[in-house]
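Peer 1: This is the content of run23.cif (mmCIF, C-alpha atoms):
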```cif
data_model
#
loop_
_atom_site.label_atom_id
_atom_site.label_comp_id
_atom_site.auth_asym_id
_atom_site.auth_seq_id
_atom_site.Cartn_x
_atom_site.Cartn_y
_atom_site.Cartn_z
CA MET G 1 93.10 113.30 121.51
CA ALA G 2 92.78 110.34 119.17
CA ARG G 3 91.57 107.00 120.49
CA ALA G 4 91.35 103.51 118.97
CA SER G 5 89.04 100.97 120.60
CA TRP G 6 87.79 97.49 119.85
CA ASN G 7 85.65 94.98 121.72
CA GLY G 8 85.07 97.49 124.52
CA LYS G 9 88.74 98.20 125.23
CA VAL G 10 90.93 101.20 124.45
CA ILE G 11 93.75 99.89 122.28
CA ALA G 12 95.58 103.21 121.79
CA GLN G 13 95.21 106.84 122.83
CA SER G 14 97.37 109.84 121.96
CA ASP G 15 97.37 113.53 121.17
CA GLN G 16 100.46 113.03 118.99
CA THR G 17 99.19 110.86 116.15
CA VAL G 18 100.31 111.38 112.57
CA VAL G 19 97.62 111.38 109.88
CA VAL G 20 98.59 109.75 106.58
CA GLU G 21 96.06 108.98 103.86
CA GLY G 22 93.22 109.52 106.35
CA ASN G 23 94.61 107.03 108.89
CA GLN G 24 95.65 107.97 112.42
CA TYR G 25 99.09 106.51 113.17
CA PHE G 26 99.62 106.15 116.93
CA PRO G 27 103.07 106.40 118.52
CA PRO G 28 104.23 103.00 119.85
CA ASP G 29 104.24 104.15 123.48
CA SER G 30 100.55 105.11 123.24
CA VAL G 31 99.41 101.59 122.34
CA ASN G 32 98.35 99.01 124.93
CA GLN G 33 100.80 96.29 123.90
CA GLU G 34 98.91 93.65 125.91
CA TYR G 35 96.28 93.53 123.14
CA LEU G 36 98.75 92.95 120.30
CA GLN G 37 99.81 89.59 118.92
CA PRO G 38 102.41 89.36 116.13
CA SER G 39 101.12 88.38 112.71
CA SER G 40 103.10 86.95 109.81
CA THR G 41 101.24 89.20 107.34
CA HIS G 42 103.17 91.79 105.32
CA THR G 43 102.06 94.11 102.53
CA ALA G 44 103.89 96.63 100.38
CA CYS G 45 103.12 100.27 99.64
CA PRO G 46 104.98 101.94 96.76
CA TRP G 47 105.84 105.07 98.75
CA LYS G 48 105.73 103.92 102.41
CA GLY G 49 107.48 100.56 102.14
CA GLN G 50 106.70 97.20 103.70
CA ALA G 51 104.00 97.05 106.38
CA SER G 52 103.88 94.49 109.18
CA TYR G 53 100.73 93.54 111.08
CA TYR G 54 99.42 92.63 114.50
CA ASP G 55 96.30 90.73 115.45
CA LEU G 56 94.24 92.25 118.25
CA ALA G 57 93.31 89.91 121.10
CA VAL G 58 90.74 91.24 123.57
CA ASP G 59 88.69 89.19 126.04
CA GLY G 60 88.99 85.95 124.08
CA ARG G 61 88.25 87.50 120.68
CA THR G 62 90.82 87.94 117.92
CA ASN G 63 90.74 90.51 115.13
CA LYS G 64 93.27 89.26 112.56
CA ASP G 65 95.66 91.82 111.08
CA ALA G 66 93.69 94.74 112.56
CA ALA G 67 96.79 96.85 113.24
CA TRP G 68 99.66 97.68 110.92
CA PHE G 69 102.92 99.56 111.07
CA TYR G 70 106.02 100.33 109.04
CA PRO G 71 109.13 99.17 110.93
CA ASP G 72 111.49 100.59 108.30
CA PRO G 73 109.54 102.98 106.04
CA LYS G 74 110.87 104.66 102.95
CA PRO G 75 112.16 108.23 103.48
CA ALA G 76 108.86 109.82 102.36
CA ALA G 77 107.09 108.11 105.29
CA ALA G 78 109.83 108.40 107.92
CA GLU G 79 107.51 110.23 110.34
CA ILE G 80 105.39 107.09 110.86
CA LYS G 81 108.24 104.69 111.64
CA GLY G 82 106.94 102.21 114.22
CA HIS G 83 103.58 104.01 114.58
CA LEU G 84 100.46 101.82 114.50
CA ALA G 85 97.26 102.33 112.53
CA PHE G 86 94.03 100.33 112.79
CA TRP G 87 91.17 99.03 110.68
CA LYS G 88 88.84 95.97 110.48
CA GLY G 89 86.22 97.27 112.87
CA VAL G 90 88.54 99.14 115.22
CA GLN G 91 86.83 102.41 116.06
CA VAL G 92 89.22 105.33 115.68
CA GLU G 93 88.06 108.71 116.96
CA ALA G 94 90.12 111.83 116.39
#
```
Please go through the file and, once you have read it, give me the structure as structure tokens.
Peer 2:
Amino acid sequence: MARASWNGKVIAQSDQTVVVEGNQYFPPDSVNQEYLQPSSTHTACPWKGQASYYDLAVDGRTNKDAAWFYPDPKPAAAEIKGHLAFWKGVQVEA
């Protein structure tokens, strides 16, 4: 079971993550949506496509752009469509 936590709270937990480039991508229904705030940040990956981001907001603290996902990935990354991955101090245990 993979788990992502930050600021003392479990952000996501699943036994059905997808690992891509060493990152655990969590299915959308395994993420506690209450901790996510939309971000206007976008980045591009040559083989996955355009990533969108969320800020994490937990107990009055914000971690900007700490979660990312591919809403419409390129065919090579279709298995992670809508799945979320984390960084910027988010502890991910597999």
Peer 1: Suppose you want the space between CA of Thr41 (chain G) and CA of Gly89 (chain G); what is it in Å?
Peer 2: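 Going from CA of Thr41 (chain G) over to CA of Gly89 (chain G) covers 17.9 Å.
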Peer 1: Expand the PyMOL selection byres ((chain G and resi 5) around 12) into the explicit residue set it covers here, and present it as an MDAnalysis selection string.
Peer 2: chainID G and resid 2:4 6:13 31:32 35 56:58 63 66:67 85:94
Peer 1: Output the selection as a CSV table (one decimal), keeping the file's coordinate frame - C-alpha atoms for each residue.
Peer 2:
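The resulting file, result-v4.csv, is reproduced below:
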```
chain,number,residue,atom,x,y,z
G,2,ALA,CA,92.8,110.3,119.2
G,3,ARG,CA,91.6,107.0,120.5
G,4,ALA,CA,91.4,103.5,119.0
G,6,TRP,CA,87.8,97.5,119.8
G,7,ASN,CA,85.6,95.0,121.7
G,8,GLY,CA,85.1,97.5,124.5
G,9,LYS,CA,88.7,98.2,125.2
G,10,VAL,CA,90.9,101.2,124.4
G,11,ILE,CA,93.8,99.9,122.3
G,12,ALA,CA,95.6,103.2,121.8
G,13,GLN,CA,95.2,106.8,122.8
G,31,VAL,CA,99.4,101.6,122.3
G,32,ASN,CA,98.4,99.0,124.9
G,35,TYR,CA,96.3,93.5,123.1
G,56,LEU,CA,94.2,92.2,118.2
G,57,ALA,CA,93.3,89.9,121.1
G,58,VAL,CA,90.7,91.2,123.6
G,63,ASN,CA,90.7,90.5,115.1
G,66,ALA,CA,93.7,94.7,112.6
G,67,ALA,CA,96.8,96.8,113.2
G,85,ALA,CA,97.3,102.3,112.5
G,86,PHE,CA,94.0,100.3,112.8
G,87,TRP,CA,91.2,99.0,110.7
G,88,LYS,CA,88.8,96.0,110.5
G,89,GLY,CA,86.2,97.3,112.9
G,90,VAL,CA,88.5,99.1,115.2
G,91,GLN,CA,86.8,102.4,116.1
G,92,VAL,CA,89.2,105.3,115.7
G,93,GLU,CA,88.1,108.7,117.0
G,94,ALA,CA,90.1,111.8,116.4
```
Peer 1: Rounded to one decimal in Å, what is the spacing between CA of Pro27 (chain G) and CA of Asp59 (chain G)?
Peer 2: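 These two atoms are separated by 23.7 Å.
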Peer 1: In Å, rounded to a single decimal, give me how far CA of Trp47 (chain G) is from CA of Ser30 (chain G).
Peer 2: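 These two atoms are separated by 25.1 Å.
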Peer 1: Calculated over only C-alpha atoms, which of the candidates G:Asp65, G:Leu84, G:Ala51, G:Cys45 has the smallest distance to Asp29 (chain G)?
Peer 2: G:Leu84
Peer 1: Got a sec to resolve the PyMOL selection byres ((chain G and resi 74) around 10) on this structure and send the residues as a list of chain:residue names?
Peer 2: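 Selected by the PyMOL selection byres ((chain G and resi 74) around 10) in this file: G:Cys45, G:Pro46, G:Trp47, G:Lys48, G:Gly49, G:Gln50, G:Tyr70, G:Pro71, G:Asp72, G:Pro73, G:Pro75, G:Ala76, G:Ala77, G:Ala78, G:Glu79, G:Ile80, G:Lys81.
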